[in-house]
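Asks: If you scroll down you'll find the structure; I have some questions about it.
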Amino acid sequence: MTDTDTDTHTPADNPPRLTRLTFHGPLSEPRATTLVQRLTRTDPTTVLDIGCGWGELMLRILAAAPKATGIGIDLNADDLTRARRNAADRGLKERAEFIEESATKTSRGPADLVLCVGASQALAATGTPDHTAEALSELRRLVTDNGRVLLGEGFWQRPPTPTELSGMWPQAAATDHHDLATLLDLAVAAGFRPEWTETATLEEWEEFESAYQADVEVWLARNPAHPLAAETRERLDRHRAQWMSYRGVLGLAYLTLVPAL
């Protein structure tokens, strides 16, 4: 390929972004359906989604709770654009608002239903693992007394080995997460009772991690000489190595929490 050839590439030729993901996390369709049924059982009228991404779960909740309105907040403009488009496509534009802003010390609550799936760090100023307790305290502030919180939070399924930690995210440490029992204790200490405890399966993790990279892997295989190929290959290989290091070690808990009066 000549230098002139590289100039012919347009943004449409660039790697696709997360097109195969329905949810930005290890969440299957059956579990999502069950969560929506459980979370709408109390007929929420206000929903707050912390770190909403493209807001798929919130939009499904609004579809199942026709009296509810929702606010999703996130810092990723591309995800928020996707969220607004999906809301419009589903006839939910008037009931769903997506805002680009920080969740730290947010004044958007209290809401009848607060979603915080994989985003507790957005609520806390402290680092891991102390951020979990701070985030839970914030979630208690943001939910109405008769409401519900859905917390999706990472936990160690077993203590990671030094070798496993060295292959995970930069500066990964055993203190980055709690075990599940400690996570539940922290929720209780923050003023909640756990209505329901469930954890992502290995199959959900594999579907998520595969879908996270699938389209880009196919793109790379078909475009090995693209100007972005080298950095894309490095990013894909690095992420896959990280996944293989935390596969079966890092879990994700979905906790349905009831505020204690």
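Residue names in the structure tokens use chain letters A, B, ... in the order shown, residue numbers from 1 in each chain, and ligand numbers from 1 in the order shown.
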Enumerate as a ChimeraX atom specification all residues of region 15-197 of chain A assigned to strand (DSSP E) by DSSP on the backbone, naming them with the chain letters and numbers the document uses.

Replies: /A:46-50,69-74,96-100,111-117,143-156,192-197

Asks: Can I get the residues of region 200-222 of chain A within 8 Å of region 234-246 of chain A, each with the closest pair of atoms and their distance in Å to one decimal, using only C-alpha atoms, sorted chain first then ascending number, as CSV?

Replies:
residue,atom,partner,partner_atom,distance
A:Glu209,CA,A:Trp243,CA,7.6
A:Gln213,CA,A:Leu236,CA,7.1
A:Glu217,CA,A:Leu236,CA,7.5

Asks: Taking only C-alpha atoms into account, name the residue in A:Asp13, A:Thr106, A:Leu165, A:Leu18 that is nearest to Asp215 (chain A).

Replies: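 Once distances to Asp215 (chain A) are computed over only C-alpha atoms, the minimum belongs to A:Leu18.
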
Asks: Nearest to Gln121 (chain A): which of A:Leu252, A:Ala103, A:Ala172, A:Leu142 is it, counting only C-alpha atoms?

Replies: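 Checking each of A:Leu252, A:Ala103, A:Ala172, A:Leu142 against Gln121 (chain A), counting only C-alpha atoms, the winner is A:Ala103.
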
Asks: One decimal, Å: what's the distance from CA of Ala225 (chain A) over to CA of Asn14 (chain A), could you say?

Replies: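 Taking CA of Ala225 (chain A) as the start and CA of Asn14 (chain A) as the end point, the length is 11.9 Å.
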
Asks: Out of A:Val258, A:Leu228, A:Ile50, A:Leu21, which residue has the shortest atom-to-atom distance to Asp145 (chain A) when counting only C-alpha atoms?

Replies: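 For Asp145 (chain A), the nearest of the candidates is A:Val258.
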
Asks: Would you please work out which residue, of A:Arg141, A:His177, A:Arg20, A:Arg247, is nearest to Thr128 (chain A) when using only C-alpha atoms?

Replies: A:His177

Asks: Which residue, A:Ala87, A:Leu255, A:Ile99, A:Met168, has the smallest gap to Thr197 (chain A) when you use only C-alpha atoms?

Replies: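 Of A:Ala87, A:Leu255, A:Ile99, A:Met168, the one nearest Thr197 (chain A) is A:Leu255, counting only C-alpha atoms.
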
Asks: Go through A:Leu202, A:Gly167, A:Thr132, A:Thr161 and flag the residue nearest Asp185 (chain A), using only C-alpha atoms for the distances.

Replies: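 Among the listed residues, the smallest separation from Asp185 (chain A) belongs to A:Thr132.
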
Asks: For Ser120 (chain A), work out the shell of residues within 10 Å, counting only C-alpha atoms and skipping chain neighbours fewer than 4 positions away, then give it as a PyMOL selection string.

Replies: chain A and resi 50-51+103-104+115-116+124+131-136+138-139+151-154

Asks: Emit the selected residues as a short mmCIF file (atom, residue, chain, number, x, y, z; two decimals), in the first residue's frame, including all heavy atoms.

Replies:
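File part.cif, as written:
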data_model
loop_
_atom_site.label_atom_id
_atom_site.label_comp_id
_atom_site.auth_asym_id
_atom_site.auth_seq_id
_atom_site.Cartn_x
_atom_site.Cartn_y
_atom_site.Cartn_z
N ILE A 50 -26.97 5.78 36.98
CA ILE A 50 -25.63 6.32 37.19
C ILE A 50 -24.65 5.61 36.25
O ILE A 50 -24.58 4.40 36.23
CB ILE A 50 -25.17 6.11 38.65
CG1 ILE A 50 -26.15 6.74 39.63
CG2 ILE A 50 -23.75 6.64 38.85
CD1 ILE A 50 -26.24 8.23 39.56
N GLY A 51 -23.88 6.39 35.48
CA GLY A 51 -22.98 5.76 34.51
C GLY A 51 -23.77 4.96 33.50
O GLY A 51 -23.46 3.80 33.23
N ALA A 103 -21.20 12.12 37.96
CA ALA A 103 -22.14 11.66 38.98
C ALA A 103 -21.68 11.99 40.39
O ALA A 103 -22.45 11.81 41.34
CB ALA A 103 -22.34 10.14 38.85
N THR A 104 -20.48 12.46 40.55
CA THR A 104 -19.96 12.75 41.88
C THR A 104 -20.78 13.85 42.55
O THR A 104 -20.95 14.94 41.98
CB THR A 104 -18.49 13.18 41.81
OG1 THR A 104 -17.74 12.18 41.12
CG2 THR A 104 -17.91 13.37 43.20
N LEU A 115 -30.20 2.91 39.34
CA LEU A 115 -29.38 1.90 38.70
C LEU A 115 -27.93 2.35 38.76
O LEU A 115 -27.61 3.50 38.42
CB LEU A 115 -29.79 1.70 37.24
CG LEU A 115 -31.27 1.48 36.95
CD1 LEU A 115 -31.51 1.42 35.44
CD2 LEU A 115 -31.78 0.21 37.62
N CYS A 116 -27.06 1.44 39.16
CA CYS A 116 -25.63 1.73 39.18
C CYS A 116 -24.91 0.42 38.87
O CYS A 116 -24.56 -0.34 39.77
CB CYS A 116 -25.20 2.30 40.53
SG CYS A 116 -23.45 2.78 40.60
N ALA A 124 -17.83 8.11 43.81
CA ALA A 124 -16.90 8.22 44.93
C ALA A 124 -15.67 9.02 44.56
O ALA A 124 -15.19 8.96 43.42
CB ALA A 124 -16.50 6.83 45.43
N HIS A 131 -13.88 3.04 47.70
CA HIS A 131 -14.93 3.70 46.95
C HIS A 131 -16.26 2.98 47.07
O HIS A 131 -17.31 3.60 46.95
CB HIS A 131 -14.53 3.83 45.47
CG HIS A 131 -14.89 2.64 44.64
ND1 HIS A 131 -14.08 1.54 44.50
CD2 HIS A 131 -16.01 2.37 43.92
CE1 HIS A 131 -14.66 0.66 43.73
NE2 HIS A 131 -15.83 1.12 43.35
N THR A 132 -16.24 1.67 47.34
CA THR A 132 -17.50 0.90 47.38
C THR A 132 -18.38 1.38 48.53
O THR A 132 -19.58 1.61 48.35
CB THR A 132 -17.20 -0.60 47.53
OG1 THR A 132 -16.32 -1.01 46.48
CG2 THR A 132 -18.50 -1.40 47.44
N ALA A 133 -17.81 1.54 49.71
CA ALA A 133 -18.58 2.01 50.85
C ALA A 133 -19.09 3.43 50.61
O ALA A 133 -20.24 3.75 50.94
CB ALA A 133 -17.73 1.95 52.12
N GLU A 134 -18.25 4.27 50.04
CA GLU A 134 -18.67 5.65 49.74
C GLU A 134 -19.80 5.65 48.72
O GLU A 134 -20.77 6.41 48.85
CB GLU A 134 -17.48 6.45 49.23
CG GLU A 134 -17.80 7.92 49.01
CD GLU A 134 -16.60 8.72 48.52
OE1 GLU A 134 -15.48 8.18 48.55
OE2 GLU A 134 -16.81 9.88 48.11
N ALA A 135 -19.68 4.81 47.69
CA ALA A 135 -20.72 4.74 46.66
C ALA A 135 -22.04 4.25 47.24
O ALA A 135 -23.11 4.77 46.91
CB ALA A 135 -20.26 3.84 45.52
N LEU A 136 -21.99 3.26 48.11
CA LEU A 136 -23.20 2.76 48.74
C LEU A 136 -23.88 3.83 49.59
O LEU A 136 -25.11 3.94 49.60
CB LEU A 136 -22.89 1.52 49.58
CG LEU A 136 -22.71 0.22 48.78
CD1 LEU A 136 -21.97 -0.82 49.60
CD2 LEU A 136 -24.07 -0.32 48.34
N GLU A 138 -23.72 7.01 49.01
CA GLU A 138 -24.32 7.92 48.04
C GLU A 138 -25.61 7.33 47.46
O GLU A 138 -26.61 8.03 47.27
CB GLU A 138 -23.34 8.21 46.91
CG GLU A 138 -22.32 9.28 47.24
CD GLU A 138 -22.97 10.64 47.37
OE1 GLU A 138 -23.22 11.31 46.35
OE2 GLU A 138 -23.26 11.05 48.52
N LEU A 139 -25.61 6.04 47.19
CA LEU A 139 -26.81 5.40 46.65
C LEU A 139 -27.97 5.47 47.64
O LEU A 139 -29.13 5.65 47.25
CB LEU A 139 -26.51 3.96 46.27
CG LEU A 139 -25.61 3.78 45.04
CD1 LEU A 139 -25.15 2.33 44.91
CD2 LEU A 139 -26.33 4.23 43.77
N LEU A 151 -27.45 -2.45 42.20
CA LEU A 151 -26.01 -2.23 42.17
C LEU A 151 -25.35 -3.40 41.45
O LEU A 151 -25.49 -4.56 41.86
CB LEU A 151 -25.45 -2.13 43.60
CG LEU A 151 -23.92 -2.05 43.71
CD1 LEU A 151 -23.39 -0.76 43.08
CD2 LEU A 151 -23.49 -2.16 45.17
N GLY A 152 -24.64 -3.10 40.39
CA GLY A 152 -23.81 -4.09 39.73
C GLY A 152 -22.36 -3.81 40.08
O GLY A 152 -21.81 -2.79 39.67
N GLU A 153 -21.75 -4.70 40.86
CA GLU A 153 -20.43 -4.39 41.44
C GLU A 153 -19.48 -5.57 41.30
O GLU A 153 -19.87 -6.73 41.53
CB GLU A 153 -20.58 -4.02 42.91
CG GLU A 153 -19.31 -3.59 43.59
CD GLU A 153 -18.86 -2.19 43.20
OE1 GLU A 153 -19.48 -1.57 42.30
OE2 GLU A 153 -17.87 -1.71 43.77
N GLY A 154 -18.24 -5.28 40.95
CA GLY A 154 -17.24 -6.33 40.85
C GLY A 154 -16.87 -6.89 42.21
O GLY A 154 -16.92 -6.19 43.23
#

Asks: Env of Lys93 (chain A): 12 Å cut, atoms = only C-alpha atoms, seq-sep filter 3 positions within chain, self excluded. Answer as a PyMOL selection string.

Replies: chain A and resi 59+62-63+69-71+83-90+96-98

Asks: Suppose we keep all heavy atoms; can you now write the selection as a CSV table (one decimal), in the first residue's frame?

Replies:
chain,number,residue,atom,x,y,z
A,59,LEU,N,-34.0,2.0,29.6
A,59,LEU,CA,-35.0,2.1,28.6
A,59,LEU,C,-36.0,1.0,28.7
A,59,LEU,O,-37.2,1.1,28.5
A,59,LEU,CB,-34.4,2.2,27.2
A,59,LEU,CG,-33.6,3.5,26.9
A,59,LEU,CD1,-33.0,3.4,25.5
A,59,LEU,CD2,-34.6,4.7,26.9
A,62,LEU,N,-38.3,1.7,31.6
A,62,LEU,CA,-39.3,2.7,31.3
A,62,LEU,C,-40.4,2.1,30.4
A,62,LEU,O,-41.6,2.4,30.5
A,62,LEU,CB,-38.7,3.9,30.5
A,62,LEU,CG,-37.7,4.7,31.4
A,62,LEU,CD1,-37.1,5.9,30.5
A,62,LEU,CD2,-38.3,5.2,32.6
A,63,ALA,N,-40.0,1.2,29.5
A,63,ALA,CA,-41.0,0.5,28.6
A,63,ALA,C,-42.0,-0.3,29.5
A,63,ALA,O,-43.2,-0.5,29.2
A,63,ALA,CB,-40.3,-0.3,27.6
A,69,THR,N,-40.5,8.2,34.5
A,69,THR,CA,-39.5,9.0,33.7
A,69,THR,C,-38.1,8.6,34.2
A,69,THR,O,-37.9,8.2,35.4
A,69,THR,CB,-39.8,10.5,33.8
A,69,THR,OG1,-39.6,10.9,35.2
A,69,THR,CG2,-41.1,10.8,33.3
A,70,GLY,N,-37.1,8.8,33.4
A,70,GLY,CA,-35.8,8.4,33.7
A,70,GLY,C,-34.7,9.4,33.3
A,70,GLY,O,-34.9,10.1,32.3
A,71,ILE,N,-33.7,9.5,34.1
A,71,ILE,CA,-32.5,10.4,33.8
A,71,ILE,C,-31.3,9.5,33.9
A,71,ILE,O,-31.1,8.7,34.9
A,71,ILE,CB,-32.4,11.5,34.9
A,71,ILE,CG1,-33.5,12.5,34.8
A,71,ILE,CG2,-31.0,12.2,34.6
A,71,ILE,CD1,-33.5,13.6,35.8
A,83,ALA,N,-27.8,6.4,23.3
A,83,ALA,CA,-29.0,6.3,24.2
A,83,ALA,C,-30.1,7.1,23.7
A,83,ALA,O,-31.3,6.7,23.7
A,83,ALA,CB,-28.5,6.7,25.6
A,84,ARG,N,-29.9,8.3,23.3
A,84,ARG,CA,-30.9,9.2,22.8
A,84,ARG,C,-31.6,8.7,21.6
A,84,ARG,O,-32.8,8.8,21.4
A,84,ARG,CB,-30.4,10.6,22.6
A,84,ARG,CG,-29.9,11.3,23.9
A,84,ARG,CD,-29.4,12.7,23.6
A,84,ARG,NE,-28.7,13.3,24.8
A,84,ARG,CZ,-27.4,13.5,24.9
A,84,ARG,NH1,-26.6,13.2,23.9
A,84,ARG,NH2,-26.9,14.0,26.0
A,85,ARG,N,-30.8,8.1,20.7
A,85,ARG,CA,-31.3,7.6,19.4
A,85,ARG,C,-32.2,6.4,19.8
A,85,ARG,O,-33.3,6.2,19.2
A,85,ARG,CB,-30.1,7.1,18.5
A,85,ARG,CG,-30.6,6.6,17.2
A,85,ARG,CD,-29.4,6.3,16.3
A,85,ARG,NE,-28.5,5.3,16.8
A,85,ARG,CZ,-27.3,5.6,17.2
A,85,ARG,NH1,-26.8,6.8,17.2
A,85,ARG,NH2,-26.5,4.6,17.7
A,86,ASN,N,-31.8,5.5,20.7
A,86,ASN,CA,-32.6,4.3,21.0
A,86,ASN,C,-33.9,4.8,21.7
A,86,ASN,O,-34.9,4.2,21.5
A,86,ASN,CB,-31.8,3.4,22.0
A,86,ASN,CG,-30.7,2.7,21.3
A,86,ASN,OD1,-30.6,2.6,20.0
A,86,ASN,ND2,-29.8,2.1,22.0
A,87,ALA,N,-33.8,5.8,22.5
A,87,ALA,CA,-35.0,6.3,23.2
A,87,ALA,C,-36.0,6.8,22.2
A,87,ALA,O,-37.2,6.5,22.2
A,87,ALA,CB,-34.7,7.4,24.2
A,88,ALA,N,-35.5,7.5,21.2
A,88,ALA,CA,-36.4,8.0,20.1
A,88,ALA,C,-37.0,6.9,19.3
A,88,ALA,O,-38.2,6.9,19.0
A,88,ALA,CB,-35.7,9.0,19.3
A,89,ASP,N,-36.2,5.9,19.0
A,89,ASP,CA,-36.7,4.8,18.2
A,89,ASP,C,-37.8,4.0,18.9
A,89,ASP,O,-38.6,3.4,18.3
A,89,ASP,CB,-35.5,3.9,17.8
A,89,ASP,CG,-34.5,4.5,16.8
A,89,ASP,OD1,-34.9,5.5,16.2
A,89,ASP,OD2,-33.4,4.0,16.7
A,90,ARG,N,-37.7,4.0,20.2
A,90,ARG,CA,-38.7,3.2,21.0
A,90,ARG,C,-39.9,4.0,21.5
A,90,ARG,O,-40.6,3.5,22.4
A,90,ARG,CB,-38.0,2.5,22.2
A,90,ARG,CG,-36.9,1.6,21.7
A,90,ARG,CD,-36.1,0.9,22.9
A,90,ARG,NE,-34.8,0.4,22.4
A,90,ARG,CZ,-34.0,-0.2,23.2
A,90,ARG,NH1,-34.3,-0.5,24.5
A,90,ARG,NH2,-32.8,-0.7,22.8
A,96,ALA,N,-37.3,9.9,28.7
A,96,ALA,CA,-35.9,9.5,29.0
A,96,ALA,C,-35.0,10.7,28.7
A,96,ALA,O,-35.0,11.2,27.6
A,96,ALA,CB,-35.5,8.3,28.2
A,97,GLU,N,-34.2,11.1,29.7
A,97,GLU,CA,-33.3,12.2,29.5
A,97,GLU,C,-31.9,11.7,29.8
A,97,GLU,O,-31.6,11.1,30.8
A,97,GLU,CB,-33.6,13.4,30.4
A,97,GLU,CG,-32.7,14.6,30.2
A,97,GLU,CD,-33.1,15.8,31.2
A,97,GLU,OE1,-33.9,15.6,32.0
A,97,GLU,OE2,-32.5,16.8,31.0
A,98,PHE,N,-31.0,12.0,28.9
A,98,PHE,CA,-29.6,11.6,29.0
A,98,PHE,C,-28.7,12.8,29.0
A,98,PHE,O,-28.7,13.6,28.1
A,98,PHE,CB,-29.2,10.6,27.9
A,98,PHE,CG,-30.0,9.3,27.9
A,98,PHE,CD1,-31.1,9.1,27.1
A,98,PHE,CD2,-29.6,8.3,28.8
A,98,PHE,CE1,-31.8,7.9,27.2
A,98,PHE,CE2,-30.3,7.1,28.9
A,98,PHE,CZ,-31.4,6.9,28.0
